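Below is one structure; the comments refer to it alone.
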Amino acid sequence: MSLLVCHNLVKTYRMGEMEVHALRGVSLEIAAGELVAIMGASGSGKSTLMNILGCLDIPTSGTYMLEGIDVSTLGGNSLAEVRNKKIGFVFQNFNLISRTTALENVQLPLFYRGMSSRDQKASAVHALERVGLADRQRHHPAQLSGGQQQRVAIARALVTNPAIILADEPTGNLDSQASQEIMNTLTQLNREGITIILVTHEPDVARYARRIIMMKDGVVLSDRSNKGVAADWVVPSEAGA
Amino acid sequence: MNFLIMTILVAFRVLGRHRMRSVLTMLGIIIGVGAVIAMVSIGEGAKAAVQAQIATFGTNVITILPGAMTVGGVWTGHGGAVTLTVADVEELRKIPGVTYVGWAKRDTTQVVHENKNWFTAINGVPPDYLVIRAWTAQSGEFFSQNDMDTAAKVALLGSTIVKNLFEPGEDPIGSTIRIKNMPFKVVGTLEAKGYDTRGSDQDDVVFIPFTTAERKLMGTKFLGSIGSGFLSAESPEQMPQIVEEIQRVLRQRHKLRPAQDDDFTIRNQIDIAKVQEGTSESMKLMLLAVASISLLVGGIGIMNILLVSVTERTREIGVRMAVGAKRRHILLQFLVEAVVLSAMGGLIGVVLGVAGAKAASNIAGWPTIISGEILVIAFGFSALVGVFFGLYPANKASRLNPIEALRYE
């Protein structure tokens with residue numbers, strides 16, 4: 001069964017007199033365990049699609065089934081709950097809370113889940129271990145490099161055992177070395193069974209994905225599997241293993 | 001519960017990050033609460049002091065003064081008429097609820113002891129008068145009913161008289177003083193009362209038996225005429241009713257026609273207390289106004305800083321929403337920050353207010369009373385101010401659109 005089924009998603013914004021058609025009928029299915037890249041130029045509707053897939057927004061029309069639940073009609077509080085339980089976000093600018101330790105940043109989603117602080121801490125430590133930052137728990141974001149900050153963000157996305165991790169330009173603010181590390185971390189997690197959706201306009205990033213969805217003008221232009229995927233990422237991570 | 005505690009801890013940490021800003025924000029509340037507590041404590045102290053002063057007059061005392069009289073258009077003022085008599089007052093003893101009756105005849109003259117002399121008021125009174133007016137003997141004793149009956153030449157001295165007619169350490173009891181060249185034996189001295197509510201020295205007084213005053217010292221226009229009458233009531237509740245009855249009896253005895261004015265004046269101690277209460281009531285209202293304004297200003301300060309904080313932390317709010325914070329989580333977070341600010345301000349204000357009141361009583365010597373009630377009210381109100389003024393910014397934060405908040409630069 002598909003993890004995620006979108007049918008004919010339409011999103012229309014009103015800007016004064018003008019109607020902006022950000023999505024004009026997008027249908028797609030993503031199965032559990034996939035690593036998908038959504039590509040497109042700015043204005044192609046990929047950000048709008050990501051917001052809807054991430055339950056930050058709801059479509060004007062169309063349906064979005066996430067793990068069998070129709071989330072396209074949910075209200076604010078229910079959407080917050082879905083985000084908390086099923087979705088992990090990784091942003092371009094990391095979006096960590098400043099002057100708060102890495103550990104506390106990772107704990108944040110569990111905090112809103114009402115988990116006891118002991119359990120929060122245990123899960124957060126484990127998530128930081130998975131991204132290789134077990135020794136940076138007490139560091140503040142300002143004391144971490146960009147790549148480390150993004151890994152804290154990944155740990156935060158990971159800590160809730162979400163159905164999907166949505167990564168929006170995860171390497172956009174990183175140098176090539178750090179970018180490669182982040183992509184390795186993400187692909188590693190994908191191989192451990194986590195579904196990942198990358199939103200990017202960089203072909204370098206997209207080639208890590210096994211499936212690439214191209215968007216243009218609010219519709220899906222192409223949806224194909226990525227044949228050249230294995231070459232780059234398997235080698236370094238296996239070399240490291 | 002866990003969530004609330006964590007939120008409070010987070011709020012303390014956030015406010016600790018901007019320590020200077022937080023203190024400045026709290027300042028309005030601190031000053032407001034501190035000033036109110038200091039002022040209320042001083043006011044309560046002053047009120048208690050005045051009440052103690054009123055109590056020196058005696059409890060539940062009703063005073064009757066003879067009316068003013070006009071002779072050829074010249075008014076005499078209270079006591080000018082000589083229509084009030086001992087018989088009148090004795091008649092009032094029959095009114096239910098009256099415990100004691102007394103009266104006084106007053107004259108001012110020179111009092112002499114050896115080579116010292118003092119100008120003072122001589123009061124001719126029956127022994128019960130001393131009971132009504134709550135005098136107590138400091139040494140010796142009151143003169144007796146027997147002294148009244150025999151018009152004995154005995155005197156009770158107020159502490160001011162003792163101070164001015166006798167050497168320090170000298171025992172006045174048994175010595176002889178001269179009033180209008182007439183020798184009087186001192187039988188007792190009186191416990192000091194201090195100044196009355198109008199500021200005159202209550203201890204600057206000599207008491208002699210009424211009969212002695214009337215027959216030997218002052219003379220009289222007609223027998224039994226008195227300067228003032230006094231009654232004490234069993235309880236304050238009975239006083240209005242007793243006053244009405246006094247009026248009825250006296251009008252009847254003085255054969256006044258319905259159209260005629262009273263030829264006497266009745267003063268009720270409760271009236272004095274009411275004037276006093278009125279003053280402290282308006283004082284309270286003023287304090288309340290000052291407190292409300294300063295808390296309002298303090299609250300606006302908190303709202304202002306919180307709005308700034310919401311703007312500064314828009315991205316943070318977006319992140320929190322993205323990872324699953326519901327509206328109420330965000331609302332509570334900012335509300336708790338506001339309440340922590342205002343409650344901490346209130347707490348510091350309470351401490352400073354108490355310190356200020358203590359300083360006022362230690363340095364300036366003002367009597368102060370710090371009531372726990374006002375501390376709790378002041379603190380509670382400052383916390384409420386936090387809730388009230390925090391609601392708008394907190395609501396604003398909780399209504400942010402997560403997508404826009406995340407994109408906010």
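Naming scheme: A, B, ... for chains in displayed order of the structure tokens; residues 1 onward per chain; ligands 1 onward as shown.
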
**Exercise answer, chain A residues close to chain B, 10 Å and only C-alpha atoms, as a ChimeraX atom specification** = /A:48,51,54-57,76-89,91,93-100,105,108-117,156-157,160

Given the selection you just returned, output its residues as a file containing C-alpha atoms, formatted as a PDB file, in the first residue's frame.
```pdb
ATOM      1  CA  THR A  48       3.456  24.690  -2.304  1.00  0.00           C
ATOM      2  CA  ASN A  51       3.801  22.587   2.305  1.00  0.00           C
ATOM      3  CA  GLY A  54       4.095  18.448   5.096  1.00  0.00           C
ATOM      4  CA  CYS A  55       0.628  19.304   6.401  1.00  0.00           C
ATOM      5  CA  LEU A  56       1.601  22.935   6.881  1.00  0.00           C
ATOM      6  CA  ASP A  57      -1.135  23.870   4.434  1.00  0.00           C
ATOM      7  CA  GLY A  76      -5.201  23.435  12.534  1.00  0.00           C
ATOM      8  CA  ASN A  77      -4.874  21.375  15.683  1.00  0.00           C
ATOM      9  CA  SER A  78      -5.263  18.046  13.875  1.00  0.00           C
ATOM     10  CA  LEU A  79      -2.706  19.124  11.269  1.00  0.00           C
ATOM     11  CA  ALA A  80      -0.324  20.019  14.095  1.00  0.00           C
ATOM     12  CA  GLU A  81      -0.810  16.543  15.485  1.00  0.00           C
ATOM     13  CA  VAL A  82      -0.144  14.916  12.106  1.00  0.00           C
ATOM     14  CA  ARG A  83       3.014  17.019  11.685  1.00  0.00           C
ATOM     15  CA  ASN A  84       4.111  16.035  15.166  1.00  0.00           C
ATOM     16  CA  LYS A  85       3.623  12.294  14.635  1.00  0.00           C
ATOM     17  CA  LYS A  86       4.105  11.566  10.956  1.00  0.00           C
ATOM     18  CA  ILE A  87       6.347  14.235   9.473  1.00  0.00           C
ATOM     19  CA  GLY A  88       9.889  15.351  10.057  1.00  0.00           C
ATOM     20  CA  PHE A  89      11.110  18.603   8.512  1.00  0.00           C
ATOM     21  CA  PHE A  91      14.926  23.097   6.207  1.00  0.00           C
ATOM     22  CA  ASN A  93      18.342  27.303   6.912  1.00  0.00           C
ATOM     23  CA  PHE A  94      18.313  24.543   9.588  1.00  0.00           C
ATOM     24  CA  ASN A  95      15.747  26.426  11.701  1.00  0.00           C
ATOM     25  CA  LEU A  96      17.159  25.364  15.009  1.00  0.00           C
ATOM     26  CA  ILE A  97      16.127  27.377  18.055  1.00  0.00           C
ATOM     27  CA  SER A  98      19.084  29.535  18.965  1.00  0.00           C
ATOM     28  CA  ARG A  99      20.686  29.558  22.397  1.00  0.00           C
ATOM     29  CA  THR A 100      19.134  26.206  23.062  1.00  0.00           C
ATOM     30  CA  ASN A 105      16.274  21.177  19.917  1.00  0.00           C
ATOM     31  CA  LEU A 108      11.215  19.728  20.909  1.00  0.00           C
ATOM     32  CA  PRO A 109       8.753  17.540  18.924  1.00  0.00           C
ATOM     33  CA  LEU A 110       8.545  15.086  21.820  1.00  0.00           C
ATOM     34  CA  PHE A 111       7.907  17.967  24.218  1.00  0.00           C
ATOM     35  CA  TYR A 112       4.764  18.861  22.260  1.00  0.00           C
ATOM     36  CA  ARG A 113       3.764  15.240  22.346  1.00  0.00           C
ATOM     37  CA  GLY A 114       3.597  15.461  26.146  1.00  0.00           C
ATOM     38  CA  MET A 115       6.265  12.830  26.672  1.00  0.00           C
ATOM     39  CA  SER A 116       8.033  12.739  30.064  1.00  0.00           C
ATOM     40  CA  SER A 117      11.328  14.603  30.027  1.00  0.00           C
ATOM     41  CA  ARG A 156      15.002  16.464  15.262  1.00  0.00           C
ATOM     42  CA  ALA A 157      13.083  15.222  12.214  1.00  0.00           C
ATOM     43  CA  THR A 160       9.544  11.024  16.353  1.00  0.00           C
TER      44      THR A 160
END
```

**Request:** Quick one: pick out all strand (DSSP E) residues within stretch 155-227 of chain B from a backbone DSSP run and write them as a VMD selection string.
**Result:** chain B and resid 155 to 157 176 to 179 182 to 190 205 to 209

**Prompt:** Interatomic distance between atom CA of B:Asn268 and atom CA of B:Leu156?
**Reply:**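 Distance reported for this atom pair: 26.4 Å.
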
**Request:** Just the residues within 10 Å of B:Pro183, please, counting only C-alpha atoms, with nothing from its chain fewer than 5 positions along; format it as a PyMOL selection string.
**Result:** chain B and resi 112-113+153-155+175-178

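Picture a line from atom CA of A:Ile196 to atom CA of A:Ala167; it runs 7.4 Å.
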
**Message:** Ranking A:Asp217, A:Asp175, A:Asp168, A:Glu192 by minimum distance to A:Arg130 and counting only C-alpha atoms, which one comes first?
**Reply:**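 Result for the nearest residue to A:Arg130: A:Glu192.
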
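Omitting stretch 220-229 of chain B and its sequence neighbours fewer than 2 positions away, and counting only C-alpha atoms, the residues within 7 Å are Thr63, Ile64, Leu65, Pro66, Gly79, Val82, Thr83, Leu84, Thr85, Val86, Val89, Gly102, Trp103, Ala104, Lys105, Arg106, Glu214, Met218 and Leu231 of chain B.
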
Only N, CA and C atoms, please: the residues just picked out, written as a compact mmCIF listing (two decimals), in the first residue's frame.
```txt
# COMPACT_ATOMS: atom_id res chain seq x y z
N THR B 63 -22.38 62.83 73.51
CA THR B 63 -22.18 64.10 74.20
C THR B 63 -23.38 65.01 73.96
N ILE B 64 -23.85 65.68 74.99
CA ILE B 64 -24.94 66.65 74.82
C ILE B 64 -24.41 68.02 75.22
N LEU B 65 -24.54 68.97 74.30
CA LEU B 65 -24.10 70.33 74.60
C LEU B 65 -25.34 71.21 74.66
N PRO B 66 -25.37 72.17 75.59
CA PRO B 66 -26.48 73.12 75.59
C PRO B 66 -26.43 73.92 74.30
N GLY B 79 -23.10 76.02 74.18
CA GLY B 79 -22.91 76.13 75.63
C GLY B 79 -23.29 77.49 76.17
N VAL B 82 -28.02 78.12 79.16
CA VAL B 82 -27.80 77.46 80.44
C VAL B 82 -28.97 76.53 80.74
N THR B 83 -29.56 76.03 79.66
CA THR B 83 -30.79 75.28 79.81
C THR B 83 -30.58 73.82 80.15
N LEU B 84 -29.37 73.32 79.99
CA LEU B 84 -29.13 71.90 80.24
C LEU B 84 -28.78 71.71 81.72
N THR B 85 -29.47 70.76 82.35
CA THR B 85 -29.28 70.62 83.79
C THR B 85 -28.97 69.18 84.18
N VAL B 86 -28.52 69.03 85.40
CA VAL B 86 -28.24 67.71 85.95
C VAL B 86 -29.51 66.86 85.91
N VAL B 89 -30.08 65.30 82.52
CA VAL B 89 -29.21 64.17 82.24
C VAL B 89 -29.62 62.96 83.09
N GLY B 102 -23.11 61.15 82.90
CA GLY B 102 -22.24 62.06 83.63
C GLY B 102 -22.38 63.45 83.05
N TRP B 103 -21.77 64.42 83.65
CA TRP B 103 -21.85 65.79 83.16
C TRP B 103 -20.63 66.55 83.62
N ALA B 104 -20.44 67.71 83.07
CA ALA B 104 -19.27 68.49 83.43
C ALA B 104 -19.59 69.98 83.42
N LYS B 105 -18.93 70.65 84.34
CA LYS B 105 -19.01 72.10 84.39
C LYS B 105 -17.56 72.56 84.31
N ARG B 106 -17.31 73.50 83.41
CA ARG B 106 -15.92 73.75 83.08
C ARG B 106 -15.59 75.22 83.27
N GLU B 214 -19.70 73.59 91.53
CA GLU B 214 -20.92 74.38 91.44
C GLU B 214 -21.11 75.31 92.65
N MET B 218 -17.14 77.81 91.12
CA MET B 218 -17.53 78.53 89.91
C MET B 218 -18.81 79.33 90.07
N LEU B 231 -23.20 60.48 78.02
CA LEU B 231 -23.82 59.19 78.23
C LEU B 231 -22.95 58.14 77.55
```

**Message:** Excluding A:Glu169 and its own-chain neighbours fewer than 5 positions away, which residues fall within 8 Å of it when counting only C-alpha atoms? Please give them as an MDAnalysis selection string.
**Reply:** chainID A and resid 91:92 198:201

**Request:** Select from stretch 70-224 of chain A everything DSSP, run on the backbone, classes as helix (DSSP H, G or I), then give the selection as a PyMOL selection string.
**Result:** chain A and resi 76-86+102-111+117-130+134-136+141-143+146-158+176-191+203-206

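Considering only C-alpha atoms, the residue among A:Ala37, A:Ala22, A:Val219, A:Ile164 positioned nearest to A:Pro59 is A:Ala22.
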
**Asked** Given the choices B:Arg399, B:Gly345, B:Tyr408, B:Leu384, which gets closest to B:Val33 if the distance is worked out from only C-alpha atoms?
**Response**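 Result for the nearest residue to B:Val33: B:Gly345.
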
**Prompt:** Pick the closest to B:Ala397 from B:Ser371, B:Leu335, B:Gly349, B:Ala359: which is it, counting only C-alpha atoms?
**Reply:**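 Going through B:Ser371, B:Leu335, B:Gly349, B:Ala359 one by one, the smallest distance to B:Ala397 is for B:Leu335.
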
**Message:** Ranking B:Val206, B:Gly32, B:Pro127, B:Ala289 by minimum distance to B:Gly346 and counting only C-alpha atoms, which one comes first?
**Reply:**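 Residue with the minimum atom-to-atom distance to B:Gly346: B:Gly32.
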